[in-house]
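Participant: File follows, work.txt with compact mmCIF, C-alpha atoms:
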# COMPACT_ATOMS: atom_id res chain seq x y z
CA MET A 16 -235.78 -7.59 -58.63
CA SER A 17 -236.33 -3.98 -57.53
CA ALA A 18 -233.85 -1.31 -56.43
CA THR A 19 -235.19 -1.69 -52.87
CA THR A 20 -234.52 -5.42 -52.69
CA ILE A 21 -231.08 -5.05 -54.34
CA GLY A 22 -230.24 -2.32 -51.79
CA LEU A 23 -231.41 -4.50 -48.91
CA TYR A 24 -229.42 -7.44 -50.27
CA VAL A 25 -226.22 -5.37 -50.61
CA CYS A 26 -226.66 -3.99 -47.08
CA CYS A 27 -227.11 -7.53 -45.70
CA VAL A 28 -223.88 -8.65 -47.36
CA LEU A 29 -221.89 -5.59 -46.22
CA PHE A 30 -223.14 -5.82 -42.63
CA GLU A 31 -222.56 -9.58 -42.41
CA THR A 32 -219.02 -9.35 -43.82
CA SER A 33 -217.99 -6.48 -41.53
CA GLN A 34 -219.62 -8.21 -38.58
CA GLN A 35 -217.72 -11.47 -39.10
CA LEU A 36 -214.41 -9.64 -39.52
CA LEU A 37 -215.04 -7.78 -36.25
CA PHE A 38 -215.84 -11.05 -34.47
CA LYS A 39 -212.59 -12.48 -35.79
CA LEU A 40 -210.77 -9.39 -34.50
CA SER A 41 -212.38 -9.81 -31.09
CA GLY A 42 -211.25 -13.45 -30.92
CA ARG A 43 -207.67 -12.62 -31.84
CA THR A 44 -206.85 -9.33 -30.16
CA PRO A 45 -207.54 -9.02 -26.40
CA LEU A 46 -207.09 -5.23 -26.59
CA TRP A 47 -209.92 -4.90 -29.10
CA ARG A 48 -212.05 -7.74 -27.77
CA TRP A 49 -215.02 -5.85 -26.31
CA ARG A 50 -215.03 -2.93 -28.75
CA ALA A 51 -214.95 -5.27 -31.73
CA LEU A 52 -217.57 -7.52 -30.14
CA LEU A 53 -219.87 -4.54 -29.53
CA GLY A 54 -219.36 -3.32 -33.10
CA GLY A 55 -220.16 -6.81 -34.36
CA VAL A 56 -223.35 -6.97 -32.31
CA LEU A 57 -224.48 -3.54 -33.61
CA LEU A 58 -223.82 -4.65 -37.19
CA TYR A 59 -225.73 -7.85 -36.46
CA LEU A 60 -228.79 -5.80 -35.47
CA CYS A 61 -228.49 -3.69 -38.67
CA GLN A 62 -228.16 -6.85 -40.75
CA LEU A 63 -231.12 -8.42 -38.96
CA ALA A 64 -233.34 -5.44 -39.78
CA CYS A 65 -232.37 -5.61 -43.47
CA TRP A 66 -232.77 -9.40 -43.50
CA TYR A 67 -236.30 -9.31 -42.05
CA LYS A 68 -237.28 -6.65 -44.56
CA LEU A 69 -235.75 -8.71 -47.39
CA LEU A 70 -237.69 -11.80 -46.26
CA THR A 71 -240.93 -9.89 -46.75
CA TYR A 72 -240.03 -9.64 -50.48
CA TRP A 73 -238.09 -12.84 -51.23
CA PRO A 74 -238.83 -16.51 -50.42
CA LEU A 75 -236.50 -17.96 -47.75
CA GLY A 76 -235.38 -20.74 -50.11
CA ILE A 77 -234.04 -18.15 -52.55
CA ALA A 78 -232.88 -15.36 -50.23
CA LEU A 79 -230.78 -17.71 -48.12
CA PRO A 80 -228.55 -19.22 -50.86
CA LEU A 81 -228.06 -15.71 -52.27
CA MET A 82 -226.45 -14.85 -48.94
CA GLY A 83 -223.77 -17.39 -49.89
CA ILE A 84 -221.87 -14.51 -51.48
CA ASN A 85 -220.84 -13.71 -47.89
CA TYR A 86 -218.45 -16.66 -47.98
CA ALA A 87 -216.54 -15.05 -50.83
CA THR A 88 -216.52 -11.55 -49.33
CA ILE A 89 -215.43 -12.85 -45.91
CA ALA A 90 -212.61 -14.96 -47.40
CA ILE A 91 -211.40 -11.88 -49.29
CA GLY A 92 -211.76 -9.79 -46.11
CA GLY A 93 -209.78 -12.42 -44.18
CA LYS A 94 -206.93 -12.04 -46.66
CA TYR A 95 -206.85 -8.26 -46.58
CA PHE A 96 -207.41 -7.67 -42.87
CA PHE A 97 -205.83 -10.76 -41.26
CA SER A 98 -203.34 -11.82 -43.93
CA GLU A 99 -205.02 -15.21 -44.28
CA ARG A 100 -204.07 -17.32 -47.27
CA LEU A 101 -206.04 -17.12 -50.51
CA THR A 102 -204.83 -19.78 -52.92
CA LEU A 103 -205.92 -20.77 -56.43
CA ARG A 104 -208.24 -23.27 -54.75
CA HIS A 105 -209.90 -20.42 -52.87
CA GLY A 106 -210.20 -18.50 -56.15
CA VAL A 107 -212.00 -21.44 -57.82
CA SER A 108 -214.28 -21.79 -54.77
CA ILE A 109 -215.19 -18.11 -54.85
CA ALA A 110 -215.87 -18.34 -58.61
CA LEU A 111 -218.24 -21.30 -57.97
CA ILE A 112 -220.08 -19.37 -55.27
CA ILE A 113 -220.46 -16.31 -57.49
CA ALA A 114 -221.68 -18.53 -60.36
CA GLY A 115 -224.29 -20.08 -58.06
CA VAL A 116 -225.49 -16.67 -56.88
CA ALA A 117 -225.61 -15.43 -60.48
CA ILE A 118 -227.69 -18.44 -61.63
CA ILE A 119 -230.22 -17.87 -58.85
CA CYS A 120 -230.39 -14.12 -59.56
CA VAL A 121 -230.89 -14.61 -63.29
CA ARG A 122 -233.12 -17.70 -63.32
CA ALA A 123 -235.25 -16.83 -60.30
CA GLY A 124 -235.34 -13.12 -61.13
CA ASP A 125 -239.08 -13.17 -61.77
CA LEU A 126 -239.68 -14.44 -58.22
CA LEU A 127 -237.53 -11.75 -56.61
CA MET B 24 -205.13 -38.41 -51.67
CA LYS B 25 -207.81 -38.22 -49.01
CA GLU B 26 -208.52 -34.75 -47.70
CA ARG B 27 -209.25 -33.91 -44.13
CA ILE B 28 -210.54 -30.99 -42.18
CA ALA B 29 -207.76 -29.46 -40.14
CA MET B 30 -209.89 -28.81 -37.06
CA PRO B 31 -210.03 -30.30 -33.58
CA ARG B 32 -213.01 -32.55 -32.90
CA ARG B 33 -214.32 -30.17 -30.23
CA VAL B 34 -214.51 -27.35 -32.78
CA VAL B 35 -216.34 -29.63 -35.26
CA LEU B 36 -218.87 -30.48 -32.54
CA LEU B 37 -219.40 -26.79 -31.83
CA PHE B 38 -219.96 -26.26 -35.57
CA SER B 39 -222.60 -28.98 -35.69
CA LEU B 40 -224.51 -27.25 -32.92
CA LEU B 41 -224.14 -23.93 -34.74
CA ILE B 42 -225.65 -25.37 -37.93
CA VAL B 43 -228.68 -26.74 -36.08
CA LEU B 44 -229.17 -23.32 -34.48
CA ASP B 45 -228.72 -21.57 -37.87
CA VAL B 46 -231.48 -23.63 -39.51
CA LEU B 47 -233.74 -23.07 -36.52
CA VAL B 48 -233.16 -19.29 -36.51
CA TRP B 49 -233.74 -18.86 -40.28
CA SER B 50 -236.92 -20.91 -40.06
CA LEU B 51 -238.16 -18.91 -37.07
CA GLN B 52 -237.39 -15.62 -38.88
CA LYS B 53 -239.41 -16.70 -41.91
CA HIS B 54 -242.19 -17.89 -39.61
CA ALA B 55 -242.30 -14.46 -37.98
CA VAL B 56 -242.42 -12.62 -41.32
CA LEU B 57 -245.18 -14.90 -42.60
CA HIS B 58 -247.35 -14.02 -39.62
CA ILE B 59 -247.32 -10.24 -40.01
CA ASP B 60 -249.57 -7.98 -42.00
CA LEU B 61 -247.48 -6.55 -44.84
CA MET B 62 -250.00 -3.82 -45.61
CA GLY B 63 -249.01 -1.88 -42.46
CA ASP B 64 -247.24 1.50 -42.39
CA ARG B 65 -243.48 2.03 -42.68
CA LEU B 66 -242.79 1.22 -39.03
CA GLY B 67 -245.30 -1.61 -39.14
CA LEU B 68 -242.74 -4.33 -39.79
CA ALA B 69 -240.66 -3.61 -36.67
CA ARG B 70 -243.76 -3.09 -34.53
CA GLN B 71 -245.33 -6.31 -35.70
CA LEU B 72 -242.12 -8.30 -35.39
CA VAL B 73 -241.92 -7.29 -31.72
CA ARG B 74 -245.26 -9.03 -31.22
CA GLN B 75 -244.09 -12.27 -32.83
CA PRO B 76 -242.87 -14.94 -30.35
CA SER B 77 -240.88 -16.66 -33.11
CA ALA B 78 -238.93 -13.42 -33.75
CA TRP B 79 -238.09 -13.19 -30.03
CA LEU B 80 -237.08 -16.85 -29.93
CA ALA B 81 -234.79 -16.32 -32.94
CA LEU B 82 -233.29 -13.28 -31.21
CA MET B 83 -232.74 -15.19 -27.96
CA ILE B 84 -230.79 -17.90 -29.79
CA ALA B 85 -228.42 -15.27 -31.25
CA PRO B 86 -226.28 -14.76 -28.10
CA VAL B 87 -225.79 -18.53 -27.84
CA GLN B 88 -224.66 -18.59 -31.49
CA LEU B 89 -222.36 -15.63 -30.85
CA LEU B 90 -220.76 -17.32 -27.85
CA LEU B 91 -220.18 -20.54 -29.80
CA TRP B 92 -218.97 -18.65 -32.87
CA THR B 93 -216.38 -16.47 -31.10
CA ASN B 94 -215.14 -19.61 -29.34
CA VAL B 95 -214.72 -21.36 -32.69
CA LEU B 96 -213.03 -18.35 -34.34
CA ALA B 97 -210.45 -18.24 -31.57
CA HIS B 98 -209.27 -21.67 -32.77
CA ALA B 99 -209.82 -21.53 -36.54
CA GLU B 100 -209.21 -19.19 -39.48
CA ILE B 101 -212.32 -17.23 -40.42
CA SER B 102 -211.89 -18.05 -44.12
CA LEU B 103 -211.91 -21.74 -43.18
CA ALA B 104 -214.43 -21.69 -40.34
CA TYR B 105 -217.17 -19.58 -41.85
CA PRO B 106 -217.78 -21.78 -44.93
CA MET B 107 -218.78 -24.71 -42.73
CA THR B 108 -221.98 -22.95 -41.78
CA SER B 109 -223.14 -23.26 -45.42
CA ILE B 110 -224.34 -26.79 -44.70
CA GLY B 111 -227.32 -25.07 -43.18
CA TYR B 112 -228.33 -23.63 -46.57
CA PRO B 113 -229.64 -26.73 -48.34
CA VAL B 114 -231.16 -27.95 -45.07
CA THR B 115 -233.03 -24.66 -44.64
CA MET B 116 -234.12 -24.74 -48.31
CA LEU B 117 -235.62 -28.16 -47.64
CA VAL B 118 -237.39 -26.72 -44.60
CA ALA B 119 -238.68 -23.85 -46.77
CA VAL B 120 -240.11 -26.34 -49.29
CA LEU B 121 -241.54 -28.82 -46.80
CA TRP B 122 -242.69 -26.43 -44.09
CA TYR B 123 -243.49 -23.18 -45.86
CA HIS B 124 -244.49 -24.76 -49.20
CA GLU B 125 -242.14 -22.52 -51.19
CA LYS B 126 -241.70 -23.53 -54.81
CA LEU B 127 -238.01 -23.65 -55.74
CA SER B 128 -237.11 -24.30 -59.36
CA VAL B 129 -234.37 -26.67 -60.49
CA ASP B 130 -232.24 -23.64 -61.35
CA VAL B 131 -232.37 -22.43 -57.76
CA TRP B 132 -231.26 -25.84 -56.51
CA ILE B 133 -228.45 -25.92 -59.10
CA GLY B 134 -227.35 -22.45 -57.99
CA ALA B 135 -227.52 -23.50 -54.33
CA LEU B 136 -225.53 -26.66 -55.09
CA LEU B 137 -222.86 -24.60 -56.86
CA ILE B 138 -222.66 -22.31 -53.82
CA THR B 139 -222.42 -25.26 -51.43
CA ALA B 140 -219.79 -26.93 -53.66
CA GLY B 141 -217.79 -23.71 -53.74
CA VAL B 142 -218.02 -23.40 -49.99
CA TRP B 143 -216.92 -27.01 -49.47
CA LEU B 144 -213.97 -26.50 -51.80
CA LEU B 145 -213.10 -23.43 -49.78
CA LEU B 146 -213.37 -25.51 -46.63
CA SER B 147 -211.36 -28.57 -47.57
CA ARG B 148 -207.60 -28.46 -47.47
CA PRO B 149 -205.12 -30.71 -49.25
CA LYS B 150 -203.41 -33.07 -46.84
CA ALA B 151 -199.99 -31.72 -45.92
CA SER B 152 -197.24 -33.62 -47.73
CA THR B 153 -194.97 -35.63 -45.50
CA ALA B 154 -191.21 -35.29 -45.79
Here is a file; write its structure as C-alpha cells.
Facilitator:
Amino acid sequence: MSATTIGLYVCCVLFETSQQLLFKLSGRTPLWRWRALLGGVLLYLCQLACWYKLLTYWPLGIALPLMGINYATIAIGGKYFFSERLTLRHGVSIALIIAGVAIICVRAGDLL
Amino acid sequence: MKERIAMPRRVVLLFSLLIVLDVLVWSLQKHAVLHIDLMGDRLGLARQLVRQPSAWLALMIAPVQLLLWTNVLAHAEISLAYPMTSIGYPVTMLVAVLWYHEKLSVDVWIGALLITAGVWLLLSRPKASTA
C-alpha cells in the first residue's frame, strides 16, 4: 500500500462523505437545495476521478469493501450536522465496519 | 422480537433499483479501467477514459442514481438510508470474481462480511415498544 493509494483512498472517503451530507442538506432545506446539490455533484466528480485512479492500482473486489468506511463517516456526519441519533447499536455497527476495513487492509496489504 | 425496517415500501423499491444501478456502475467503471493503457502519461488516464464507452455509460447512469437518491433522502434519515446501499458490495465482489477473474482471499471476504454485518446492524432498528 503506497502513499499515493492511501492518499487516493482518503480523498475518496472525504469526498463521498461530504457529498452525501450535501445531498441530505439539499433534500431537507429548500433554501439550500440547488447550491447543496451543485456542491454534491462537484464533489461527486472529484470522488469519481480519485476512484478511477484508485481502480488502476487496486482490484475492484478489494477497493469496494474498503469504501465501506463511508458508512461510518456518514453516520457520524449525520449526527454532527443533522443531529441524527447515534446509539450504542450504531457504535457497535461502526466498530464492525472499521474492523472489516482493517482486516482487508492488513490481510490484503500485499495486493494493494 | 422481530425487527423491521422503518421505511415505506415505495422507498424500499427505490433502494432496490439503486442497488442494481450501483453494481452496474462499479462493474462498468472497472471495465473501463481494464481497457486502458496504464503506461500512458499523467493525463493519459482521463484522456483514455473519455474514449471508453463503459465509462460514459457509468457516467450517464449517475444522474438517474442522483435523482432516486435525493428522493429517498427526502423521506429517510441519511444514517439509516445510506447503509442499505452496502448490499451492492458483496454482489459486486462476486461480479469481480466471476467476470473479472479477481482472486479474493478468505480474509477479504471475512472483512467484507464484517462490513456488511456492521452496515446491516446500523440499518436495522429495534421494534418500537408498545404501551
Participant: Given the choices A:Tyr59, A:Trp49, A:Phe38, A:Tyr72, which gets closest to chain B if the distance is worked out from all atoms listed in the file?
Facilitator: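 Once distances to chain B are computed over all atoms listed in the file, the minimum belongs to A:Phe38.
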Participant: A:Leu69: which residues within 9 Å, counting only C-alpha atoms, same-chain residues fewer than 5 positions away excluded, as a tab-separated table (two decimals) with C-alpha atoms, keeping the file's coordinate frame?
Facilitator:
chain	number	residue	atom	x	y	z
A	19	THR	CA	-235.19	-1.69	-52.87
A	20	THR	CA	-234.52	-5.42	-52.69
A	23	LEU	CA	-231.41	-4.50	-48.91
A	24	TYR	CA	-229.42	-7.44	-50.27
A	27	CYS	CA	-227.11	-7.53	-45.70
A	64	ALA	CA	-233.34	-5.44	-39.78
A	74	PRO	CA	-238.83	-16.51	-50.42
A	78	ALA	CA	-232.88	-15.36	-50.23
Participant: Name all residues at most 7 Å from A:Gly115 (count only C-alpha atoms; drop same-chain ones fewer than 3 positions away) and give them as a ChimeraX atom specification.
Facilitator: /A:111-112,118-119 /B:134-135,137-138
Participant: Restrict the distance test to only C-alpha atoms, flag each residue of chain B within 7 Å of chain A, and return the flagged residues as a PyMOL selection string.
Facilitator: chain B and resi 53+56+93+96-97+101-102+105-106+112+116+119+125+127+130-131+134-135+137-138+141-142+144-145
Participant: Nearest to B:His54 among B:Leu90, B:Val118, B:Ala85, B:Ala99, with distances taken over only C-alpha atoms: which residue is it?
Facilitator: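 Going through B:Leu90, B:Val118, B:Ala85, B:Ala99 one by one, the smallest distance to B:His54 is for B:Val118.
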Participant: Using atom CA of B:Gly111 and atom CA of B:Ile42 as the two end points, give the distance in Å to one decimal.
Facilitator: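 Separating atom CA of B:Gly111 from atom CA of B:Ile42 is a distance of 5.5 Å.
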Participant: Hey, which of B:Ser77, B:Val129, B:Val95, B:Ala140 ends up closest to B:Val48? Count only C-alpha atoms.
Facilitator: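 Ranking B:Ser77, B:Val129, B:Val95, B:Ala140 by distance to B:Val48, first place goes to B:Ser77.
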Participant: Between atom CA of B:Leu40 and atom CA of B:Ala78, what is the distance in Å, rounded to a tenth?
Facilitator: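 A separation of 20.0 Å between them.
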